$ cat target_13.cif   # mmCIF, C-alpha atoms
data_target
#
loop_
_atom_site.group_PDB
_atom_site.id
_atom_site.type_symbol
_atom_site.label_atom_id
_atom_site.label_comp_id
_atom_site.auth_asym_id
_atom_site.auth_seq_id
_atom_site.Cartn_x
_atom_site.Cartn_y
_atom_site.Cartn_z
ATOM 1 C CA MET C 1 13.238 6.816 12.177
ATOM 2 C CA ASN C 2 10.680 4.030 12.185
ATOM 3 C CA ILE C 3 9.197 3.824 8.702
ATOM 4 C CA ALA C 4 6.038 1.826 7.966
ATOM 5 C CA ILE C 5 5.975 0.648 4.348
ATOM 6 C CA PHE C 6 2.394 0.571 3.122
ATOM 7 C CA GLY C 7 2.586 -0.993 -0.316
ATOM 8 C CA GLY C 8 -0.088 -1.295 -2.929
ATOM 9 C CA SER C 9 -1.013 -0.701 -6.523
ATOM 10 C CA PHE C 10 -3.095 2.320 -5.438
ATOM 11 C CA ASN C 11 -5.023 2.084 -8.687
ATOM 12 C CA PRO C 12 -6.553 4.388 -7.555
ATOM 13 C CA ILE C 13 -5.705 5.324 -3.996
ATOM 14 C CA HIS C 14 -8.939 5.716 -2.032
ATOM 15 C CA ILE C 15 -10.233 6.864 1.338
ATOM 16 C CA GLY C 16 -9.537 3.466 2.922
ATOM 17 C CA HIS C 17 -5.831 3.795 2.070
ATOM 18 C CA ALA C 18 -5.756 7.397 3.296
ATOM 19 C CA ILE C 19 -7.533 6.590 6.572
ATOM 20 C CA LEU C 20 -5.193 3.663 7.269
ATOM 21 C CA ALA C 21 -2.073 5.753 6.584
ATOM 22 C CA ASN C 22 -3.449 8.499 8.846
ATOM 23 C CA TYR C 23 -4.227 5.972 11.579
ATOM 24 C CA ILE C 24 -0.723 4.471 11.472
ATOM 25 C CA ILE C 25 0.941 7.883 11.757
ATOM 26 C CA GLU C 26 -1.231 8.935 14.683
ATOM 27 C CA ASN C 27 -1.590 5.648 16.581
ATOM 28 C CA THR C 28 1.535 3.507 16.188
ATOM 29 C CA ALA C 29 5.268 3.781 16.821
ATOM 30 C CA ALA C 30 5.864 4.635 13.147
ATOM 31 C CA ASP C 31 7.387 8.068 12.570
ATOM 32 C CA SER C 32 6.370 8.025 8.920
ATOM 33 C CA VAL C 33 4.351 5.990 6.433
ATOM 34 C CA TRP C 34 5.758 5.511 2.969
ATOM 35 C CA LEU C 35 3.062 4.801 0.402
ATOM 36 C CA MET C 36 5.082 2.377 -1.705
ATOM 37 C CA VAL C 37 3.458 2.300 -5.128
ATOM 38 C CA ALA C 38 3.934 -1.258 -6.343
ATOM 39 C CA ARG C 39 5.289 -1.956 -9.764
ATOM 40 C CA GLN C 40 2.623 -3.474 -11.981
ATOM 41 C CA ASN C 41 3.329 -6.676 -13.839
ATOM 42 C CA PRO C 42 4.582 -5.482 -17.240
ATOM 43 C CA LEU C 43 3.622 -8.854 -18.747
ATOM 44 C CA LYS C 44 0.007 -8.575 -17.622
ATOM 45 C CA PRO C 45 -2.488 -8.131 -20.470
ATOM 46 C CA GLY C 46 -3.605 -4.541 -20.762
ATOM 47 C CA TYR C 47 -0.559 -3.184 -18.916
ATOM 48 C CA ASP C 48 -0.196 0.516 -19.655
ATOM 49 C CA ARG C 49 2.961 2.215 -18.364
ATOM 50 C CA SER C 50 1.175 5.589 -18.262
ATOM 51 C CA TYR C 51 -0.866 4.277 -15.322
ATOM 52 C CA ASP C 52 2.358 4.083 -13.273
ATOM 53 C CA ILE C 53 2.586 7.877 -13.390
ATOM 54 C CA HIS C 54 -1.134 8.276 -12.687
ATOM 55 C CA ARG C 55 -0.932 5.946 -9.669
ATOM 56 C CA LEU C 56 2.065 7.860 -8.310
ATOM 57 C CA ARG C 57 0.416 11.245 -8.783
ATOM 58 C CA MET C 58 -2.780 10.131 -7.068
ATOM 59 C CA ALA C 59 -0.816 8.662 -4.121
ATOM 60 C CA GLU C 60 1.114 11.941 -3.867
ATOM 61 C CA MET C 61 -2.194 13.783 -3.516
ATOM 62 C CA VAL C 62 -2.759 11.855 -0.284
ATOM 63 C CA SER C 63 0.801 12.087 1.064
ATOM 64 C CA ARG C 64 0.958 15.852 0.435
ATOM 65 C CA ARG C 65 -2.030 16.374 2.718
ATOM 66 C CA LEU C 66 -0.987 13.911 5.438
ATOM 67 C CA GLN C 67 1.911 15.003 7.614
ATOM 68 C CA GLY C 68 4.274 12.076 8.060
ATOM 69 C CA ALA C 69 3.325 10.365 4.790
ATOM 70 C CA ILE C 70 5.563 10.110 1.736
ATOM 71 C CA THR C 71 4.833 8.574 -1.658
ATOM 72 C CA SER C 72 7.614 6.390 -3.006
ATOM 73 C CA ALA C 73 8.327 4.919 -6.443
ATOM 74 C CA PHE C 74 11.294 2.981 -5.007
ATOM 75 C CA GLU C 75 9.996 -0.392 -6.249
ATOM 76 C CA PHE C 76 9.970 0.880 -9.829
ATOM 77 C CA SER C 77 13.786 0.880 -9.763
ATOM 78 C CA LEU C 78 14.063 -2.753 -8.645
ATOM 79 C CA PRO C 79 14.272 -5.777 -10.950
ATOM 80 C CA TYR C 80 10.963 -7.490 -11.689
ATOM 81 C CA PRO C 81 9.571 -9.392 -9.910
ATOM 82 C CA SER C 82 10.444 -7.620 -6.674
ATOM 83 C CA TYR C 83 9.557 -9.630 -3.618
ATOM 84 C CA THR C 84 8.795 -7.812 -0.371
ATOM 85 C CA ILE C 85 11.998 -9.086 1.241
ATOM 86 C CA SER C 86 14.024 -7.755 -1.725
ATOM 87 C CA THR C 87 12.352 -4.350 -1.436
ATOM 88 C CA LEU C 88 12.979 -4.200 2.312
ATOM 89 C CA ASP C 89 16.622 -5.253 1.916
ATOM 90 C CA ALA C 90 17.163 -2.627 -0.797
ATOM 91 C CA LEU C 91 15.511 0.052 1.363
ATOM 92 C CA ALA C 92 17.650 -0.901 4.373
ATOM 93 C CA ALA C 93 20.818 -0.721 2.241
ATOM 94 C CA LYS C 94 19.912 2.676 0.777
ATOM 95 C CA PHE C 95 18.578 4.187 4.014
ATOM 96 C CA PRO C 96 20.561 2.559 6.867
ATOM 97 C CA GLU C 97 19.501 5.329 9.254
ATOM 98 C CA HIS C 98 15.879 4.083 9.161
ATOM 99 C CA HIS C 99 14.173 0.988 10.496
ATOM 100 C CA PHE C 100 11.523 -0.407 8.140
ATOM 101 C CA SER C 101 8.452 -2.513 8.797
ATOM 102 C CA ILE C 102 5.607 -3.475 6.491
ATOM 103 C CA VAL C 103 1.870 -2.912 6.744
ATOM 104 C CA ILE C 104 -0.400 -5.703 5.512
ATOM 105 C CA GLY C 105 -4.047 -6.636 5.811
ATOM 106 C CA ALA C 106 -5.347 -9.602 7.761
ATOM 107 C CA ASP C 107 -6.071 -11.328 4.438
ATOM 108 C CA ASN C 108 -2.355 -11.215 3.565
ATOM 109 C CA TRP C 109 -1.391 -12.225 7.096
ATOM 110 C CA ALA C 110 -3.495 -15.384 6.684
ATOM 111 C CA ASP C 111 -1.185 -16.409 3.789
ATOM 112 C CA PHE C 112 1.985 -14.794 5.075
ATOM 113 C CA SER C 113 3.810 -18.105 5.506
ATOM 114 C CA LYS C 114 3.737 -18.429 1.683
ATOM 115 C CA TRP C 115 5.703 -15.190 1.185
ATOM 116 C CA LYS C 116 9.348 -15.423 0.219
ATOM 117 C CA GLU C 117 11.532 -15.391 3.353
ATOM 118 C CA TRP C 118 8.532 -14.499 5.489
ATOM 119 C CA GLN C 119 10.279 -15.343 8.769
ATOM 120 C CA ARG C 120 13.149 -12.984 7.936
ATOM 121 C CA ILE C 121 10.637 -10.225 7.088
ATOM 122 C CA ILE C 122 9.317 -10.608 10.638
ATOM 123 C CA SER C 123 12.680 -10.940 12.388
ATOM 124 C CA ASP C 124 14.636 -8.290 10.455
ATOM 125 C CA TYR C 125 11.891 -5.761 9.802
ATOM 126 C CA GLY C 126 8.584 -6.353 11.549
ATOM 127 C CA VAL C 127 4.971 -6.423 10.411
ATOM 128 C CA MET C 128 1.884 -4.362 11.214
ATOM 129 C CA VAL C 129 -1.392 -6.149 10.490
ATOM 130 C CA TYR C 130 -4.653 -4.259 10.054
ATOM 131 C CA PRO C 131 -8.142 -5.830 10.181
ATOM 132 C CA ARG C 132 -10.038 -7.063 7.139
ATOM 133 C CA ARG C 133 -13.604 -8.318 7.259
ATOM 134 C CA GLY C 134 -13.814 -12.102 7.440
ATOM 135 C CA TYR C 135 -10.273 -12.630 8.780
ATOM 136 C CA ASP C 136 -9.225 -13.281 12.353
ATOM 137 C CA ILE C 137 -5.724 -12.144 13.245
ATOM 138 C CA SER C 138 -3.793 -14.706 15.223
ATOM 139 C CA VAL C 139 -0.117 -14.117 15.992
ATOM 140 C CA PRO C 140 1.954 -17.040 17.308
ATOM 141 C CA ASP C 141 3.719 -16.294 20.606
ATOM 142 C CA GLU C 142 7.191 -16.367 19.039
ATOM 143 C CA PHE C 143 6.277 -13.419 16.760
ATOM 144 C CA THR C 144 4.416 -11.123 19.161
ATOM 145 C CA SER C 145 7.445 -8.871 19.685
ATOM 146 C CA ARG C 146 7.813 -8.272 15.906
ATOM 147 C CA VAL C 147 4.187 -8.396 14.699
ATOM 148 C CA THR C 148 1.829 -5.606 15.759
ATOM 149 C CA VAL C 149 -1.909 -5.910 15.305
ATOM 150 C CA ILE C 150 -3.331 -2.441 14.764
ATOM 151 C CA ASP C 151 -6.929 -1.613 15.533
ATOM 152 C CA ALA C 152 -7.480 0.600 12.498
ATOM 153 C CA PRO C 153 -11.026 1.367 11.312
ATOM 154 C CA LEU C 154 -12.450 -1.199 8.927
ATOM 155 C CA ILE C 155 -13.173 0.565 5.622
ATOM 156 C CA GLU C 156 -14.759 -1.634 2.988
ATOM 157 C CA VAL C 157 -13.664 0.119 -0.209
ATOM 158 C CA SER C 158 -11.527 -1.379 -2.968
ATOM 159 C CA SER C 159 -9.734 0.077 -5.950
ATOM 160 C CA SER C 160 -11.386 -2.476 -8.242
ATOM 161 C CA PHE C 161 -14.817 -1.324 -7.019
ATOM 162 C CA ILE C 162 -13.861 2.273 -7.816
ATOM 163 C CA ARG C 163 -12.535 1.393 -11.291
ATOM 164 C CA GLN C 164 -15.695 -0.585 -12.069
ATOM 165 C CA SER C 165 -17.898 2.214 -10.762
ATOM 166 C CA VAL C 166 -16.143 4.800 -12.944
ATOM 167 C CA ALA C 167 -16.342 2.495 -15.976
ATOM 168 C CA THR C 168 -20.109 2.151 -15.514
ATOM 169 C CA GLY C 169 -20.696 5.869 -14.915
ATOM 170 C CA LYS C 170 -21.398 5.728 -11.182
ATOM 171 C CA ASP C 171 -20.613 8.577 -8.800
ATOM 172 C CA ILE C 172 -17.555 7.942 -6.571
ATOM 173 C CA THR C 173 -17.493 11.358 -4.873
ATOM 174 C CA PHE C 174 -17.057 10.054 -1.319
ATOM 175 C CA PHE C 175 -14.886 7.015 -2.110
ATOM 176 C CA VAL C 176 -11.710 8.875 -3.073
ATOM 177 C CA PRO C 177 -10.124 12.118 -1.862
ATOM 178 C CA HIS C 178 -11.506 15.183 -3.649
ATOM 179 C CA ASP C 179 -8.329 15.945 -5.632
ATOM 180 C CA VAL C 180 -8.022 12.279 -6.682
ATOM 181 C CA LEU C 181 -11.599 12.411 -7.988
ATOM 182 C CA HIS C 182 -10.762 15.497 -10.071
ATOM 183 C CA TYR C 183 -7.582 13.829 -11.338
ATOM 184 C CA ILE C 184 -9.493 10.718 -12.432
ATOM 185 C CA ARG C 185 -12.023 12.861 -14.278
ATOM 186 C CA ALA C 186 -9.442 15.232 -15.836
ATOM 187 C CA ASN C 187 -7.401 12.309 -17.164
ATOM 188 C CA ASN C 188 -10.420 10.224 -18.179
ATOM 189 C CA LEU C 189 -9.131 7.227 -16.204
ATOM 190 C CA TYR C 190 -10.832 3.838 -15.868
ATOM 191 C CA HIS C 191 -13.311 4.262 -18.709
ATOM 192 C CA GLU C 192 -11.841 1.522 -20.888
#
$ encode --input "target_13.cif" --output "structure tokens"
Amino acid sequence: MNIAIFGGSFNPIHIGHAILANYIIENTAADSVWLMVARQNPLKPGYDRSYDIHRLRMAEMVSRRLQGAITSAFEFSLPYPSYTISTLDALAAKFPEHHFSIVIGADNWADFSKWKEWQRIISDYGVMVYPRRGYDISVPDEFTSRVTVIDAPLIEVSSSFIRQSVATGKDITFFVPHDVLHYIRANNLYHE
């Protein structure tokens, strides 16, 4: 199977994430999208391990409703820090029957040459790049067979915007899936 790894903190997962995952499943060669919940920096001020479980549960709310999507906590089992190439290598070793590629935004593609072993990520795995406002996507000729530019809808929503909105008492009804909204409210998330 061709598995697209869509990584992120998903803190919280929002409609932009869900729409992109849906688009990839329906419009690319990927057989499945794994929502890879990234491990948070445990040394970061304000780090709260309980948010790892919340982030996973909210991502699962999206993957349960989207055929072909799976939520994964695989990165949580890897040593910190876990670079993308390390995650991909560990996935390939554990699941040799699958071929993995990564999904990144045009903003990350602009700095991709700074990533650890970025050329091997392209050659051994492959990259899907989705549009982000303010970033042109240019792929050098030598990478066009391993880098796919996907024409996904441009959704301008961010998790930080949602957290800030919740903290200031604003309504986020249409920014997150319905069950995620109820989960945020039931667990009193993002009010600190």
$ resolve_selection --input "target_13.cif" --expression "the PyMOL selection byres ((chain C and resi 48-62) around 6)" --output "PyMOL selection string"
chain C and resi 10-11+13+47+63-65+71+180
$ residues_around --input "target_13.cif" --residues "Val149 in chain C" --least-positions-apart "6" --cutoff "7 Å" --atoms "all atoms listed in the file" --output "list of chain:residue names"
C:Met128, C:Val129, C:Tyr130
$ write_last_selection --input "target_13.cif" --atoms "C-alpha atoms" --output "PDB file, keeping the file's coordinate frame"
ATOM      1  CA  MET C 128       1.884  -4.362  11.214  1.00  0.00           C
ATOM      2  CA  VAL C 129      -1.392  -6.149  10.490  1.00  0.00           C
ATOM      3  CA  TYR C 130      -4.653  -4.259  10.054  1.00  0.00           C
TER       4      TYR C 130
END
$ closest_residue --input "target_13.cif" --among "C:Ala38, C:Glu75, C:Ile150, C:Ser101" --to "Ile5 in chain C" --atoms "all atoms listed in the file"
C:Ser101
$ resolve_selection --input "target_13.cif" --expression "the PyMOL selection byres ((chain C and resi 135-140) around 10)" --output "list in words"
Gly105, Ala106, Asp107, Asn108, Trp109, Ala110, Val129, Tyr130, Pro131, Arg132, Arg133, Gly134, Asp141, Glu142, Phe143, Thr144, Ser145, Arg146, Val147, Thr148 and Val149 of chain C
$ atom_distance --input "target_13.cif" --atom1 "CA of Met1 in chain C" --atom2 "CA of Trp34 in chain C"
11.9 Å
$ atom_distance --input "target_13.cif" --atom1 "CA of Asp151 in chain C" --atom2 "CA of Asn27 in chain C"
9.1 Å
$ closest_residue --input "target_13.cif" --among "C:Asn188, C:Asn2, C:Ser32, C:Ser159" --to "Val176 in chain C" --atoms "all atoms listed in the file"
C:Ser159
$ atom_distance --input "target_13.cif" --atom1 "CA of Thr84 in chain C" --atom2 "CA of Trp118 in chain C"
8.9 Å
$ residues_around --input "target_13.cif" --residues "Ser86 in chain C" --least-positions-apart "4" --cutoff "10 Å" --atoms "only C-alpha atoms" --output "ChimeraX atom specification"
/C:75,78-79,81-82,90-92,116-117,121
$ decode --input "target_13.cif" --residues "range 141-181 of chain C" --atoms "N, CA and C atoms" --output "mmCIF file, in the first residue's frame"
data_model
loop_
_atom_site.group_PDB
_atom_site.id
_atom_site.type_symbol
_atom_site.label_atom_id
_atom_site.label_comp_id
_atom_site.auth_asym_id
_atom_site.auth_seq_id
_atom_site.Cartn_x
_atom_site.Cartn_y
_atom_site.Cartn_z
ATOM 1 N N ASP C 141 13.895 19.851 -11.614
ATOM 2 C CA ASP C 141 13.656 18.752 -12.554
ATOM 3 C C ASP C 141 14.082 17.393 -12.018
ATOM 4 N N GLU C 142 15.195 17.351 -11.283
ATOM 5 C CA GLU C 142 15.702 16.055 -10.807
ATOM 6 C C GLU C 142 14.812 15.411 -9.748
ATOM 7 N N PHE C 143 13.843 16.170 -9.194
ATOM 8 C CA PHE C 143 12.967 15.632 -8.151
ATOM 9 C C PHE C 143 11.529 15.417 -8.613
ATOM 10 N N THR C 144 11.207 15.749 -9.853
ATOM 11 C CA THR C 144 9.802 15.713 -10.268
ATOM 12 C C THR C 144 9.188 14.312 -10.230
ATOM 13 N N SER C 145 10.005 13.273 -10.304
ATOM 14 C CA SER C 145 9.437 11.920 -10.240
ATOM 15 C C SER C 145 9.138 11.491 -8.803
ATOM 16 N N ARG C 146 9.670 12.204 -7.802
ATOM 17 C CA ARG C 146 9.513 11.813 -6.399
ATOM 18 C C ARG C 146 8.803 12.877 -5.560
ATOM 19 N N VAL C 147 8.531 14.034 -6.153
ATOM 20 C CA VAL C 147 7.837 15.117 -5.453
ATOM 21 C C VAL C 147 6.564 15.436 -6.243
ATOM 22 N N THR C 148 5.429 15.298 -5.572
ATOM 23 C CA THR C 148 4.133 15.549 -6.202
ATOM 24 C C THR C 148 3.531 16.820 -5.613
ATOM 25 N N VAL C 149 3.176 17.738 -6.476
ATOM 26 C CA VAL C 149 2.474 18.938 -6.033
ATOM 27 C C VAL C 149 0.984 18.633 -6.147
ATOM 28 N N ILE C 150 0.281 18.750 -5.031
ATOM 29 C CA ILE C 150 -1.147 18.445 -5.038
ATOM 30 C C ILE C 150 -1.945 19.750 -4.989
ATOM 31 N N ASP C 151 -3.007 19.764 -5.744
ATOM 32 C CA ASP C 151 -3.815 20.972 -5.886
ATOM 33 C C ASP C 151 -4.974 20.964 -4.892
ATOM 34 N N ALA C 152 -4.641 20.768 -3.628
ATOM 35 C CA ALA C 152 -5.662 20.719 -2.579
ATOM 36 C C ALA C 152 -6.234 22.114 -2.330
ATOM 37 N N PRO C 153 -7.467 22.190 -1.844
ATOM 38 C CA PRO C 153 -8.051 23.497 -1.508
ATOM 39 C C PRO C 153 -7.212 24.229 -0.454
ATOM 40 N N LEU C 154 -7.145 25.504 -0.588
ATOM 41 C CA LEU C 154 -6.385 26.339 0.348
ATOM 42 C C LEU C 154 -7.315 26.752 1.481
ATOM 43 N N ILE C 155 -7.080 26.210 2.672
ATOM 44 C CA ILE C 155 -7.915 26.499 3.840
ATOM 45 C C ILE C 155 -7.055 27.255 4.847
ATOM 46 N N GLU C 156 -7.415 28.483 5.107
ATOM 47 C CA GLU C 156 -6.619 29.325 5.989
ATOM 48 C C GLU C 156 -7.114 29.253 7.432
ATOM 49 N N VAL C 157 -6.858 28.126 8.073
ATOM 50 C CA VAL C 157 -7.196 27.932 9.485
ATOM 51 C C VAL C 157 -5.949 27.390 10.154
ATOM 52 N N SER C 158 -5.678 27.809 11.371
ATOM 53 C CA SER C 158 -4.524 27.258 12.098
ATOM 54 C C SER C 158 -4.953 26.826 13.492
ATOM 55 N N SER C 159 -4.229 25.861 14.019
ATOM 56 C CA SER C 159 -4.506 25.395 15.378
ATOM 57 C C SER C 159 -4.269 26.496 16.401
ATOM 58 N N SER C 160 -3.250 27.330 16.174
ATOM 59 C CA SER C 160 -2.981 28.412 17.130
ATOM 60 C C SER C 160 -4.135 29.421 17.135
ATOM 61 N N PHE C 161 -4.716 29.693 15.965
ATOM 62 C CA PHE C 161 -5.882 30.571 15.895
ATOM 63 C C PHE C 161 -7.039 29.985 16.708
ATOM 64 N N ILE C 162 -7.246 28.682 16.580
ATOM 65 C CA ILE C 162 -8.337 28.028 17.310
ATOM 66 C C ILE C 162 -8.083 28.081 18.814
ATOM 67 N N ARG C 163 -6.859 27.769 19.236
ATOM 68 C CA ARG C 163 -6.540 27.823 20.677
ATOM 69 C C ARG C 163 -6.750 29.228 21.223
ATOM 70 N N GLN C 164 -6.289 30.229 20.490
ATOM 71 C CA GLN C 164 -6.448 31.622 20.935
ATOM 72 C C GLN C 164 -7.923 32.014 20.980
ATOM 73 N N SER C 165 -8.670 31.568 19.992
ATOM 74 C CA SER C 165 -10.104 31.884 19.954
ATOM 75 C C SER C 165 -10.823 31.275 21.156
ATOM 76 N N VAL C 166 -10.519 30.023 21.466
ATOM 77 C CA VAL C 166 -11.143 29.367 22.623
ATOM 78 C C VAL C 166 -10.757 30.103 23.900
ATOM 79 N N ALA C 167 -9.478 30.453 24.022
ATOM 80 C CA ALA C 167 -8.987 31.124 25.233
ATOM 81 C C ALA C 167 -9.671 32.469 25.457
ATOM 82 N N THR C 168 -10.078 33.120 24.358
ATOM 83 C CA THR C 168 -10.723 34.435 24.491
ATOM 84 C C THR C 168 -12.241 34.352 24.372
ATOM 85 N N GLY C 169 -12.788 33.132 24.416
ATOM 86 C CA GLY C 169 -14.234 32.952 24.454
ATOM 87 C C GLY C 169 -14.950 33.104 23.130
ATOM 88 N N LYS C 170 -14.225 32.981 22.019
ATOM 89 C CA LYS C 170 -14.867 33.114 20.709
ATOM 90 C C LYS C 170 -15.443 31.773 20.245
ATOM 91 N N ASP C 171 -16.443 31.847 19.397
ATOM 92 C CA ASP C 171 -17.107 30.669 18.861
ATOM 93 C C ASP C 171 -16.277 30.072 17.718
ATOM 94 N N ILE C 172 -15.983 28.773 17.792
ATOM 95 C CA ILE C 172 -15.194 28.097 16.754
ATOM 96 C C ILE C 172 -16.015 27.001 16.059
ATOM 97 N N THR C 173 -17.319 27.115 16.108
ATOM 98 C CA THR C 173 -18.222 26.069 15.625
ATOM 99 C C THR C 173 -17.855 25.521 14.253
ATOM 100 N N PHE C 174 -17.504 26.357 13.303
ATOM 101 C CA PHE C 174 -17.257 25.884 11.942
ATOM 102 C C PHE C 174 -15.772 25.721 11.618
ATOM 103 N N PHE C 175 -14.908 25.838 12.609
ATOM 104 C CA PHE C 175 -13.468 25.702 12.375
ATOM 105 C C PHE C 175 -12.940 24.309 12.686
ATOM 106 N N VAL C 176 -13.684 23.550 13.453
ATOM 107 C CA VAL C 176 -13.272 22.186 13.814
ATOM 108 C C VAL C 176 -14.455 21.248 13.574
ATOM 109 N N PRO C 177 -14.186 19.957 13.341
ATOM 110 C CA PRO C 177 -15.303 19.018 13.233
ATOM 111 C C PRO C 177 -16.171 19.056 14.491
ATOM 112 N N HIS C 178 -17.450 18.757 14.314
ATOM 113 C CA HIS C 178 -18.435 18.866 15.393
ATOM 114 C C HIS C 178 -18.029 18.098 16.657
ATOM 115 N N ASP C 179 -17.581 16.842 16.490
ATOM 116 C CA ASP C 179 -17.206 16.048 17.665
ATOM 117 C C ASP C 179 -15.949 16.584 18.340
ATOM 118 N N VAL C 180 -15.037 17.180 17.554
ATOM 119 C CA VAL C 180 -13.839 17.804 18.137
ATOM 120 C C VAL C 180 -14.248 19.012 18.976
ATOM 121 N N LEU C 181 -15.189 19.799 18.470
ATOM 122 C CA LEU C 181 -15.696 20.949 19.225
ATOM 123 C C LEU C 181 -16.259 20.500 20.572
#
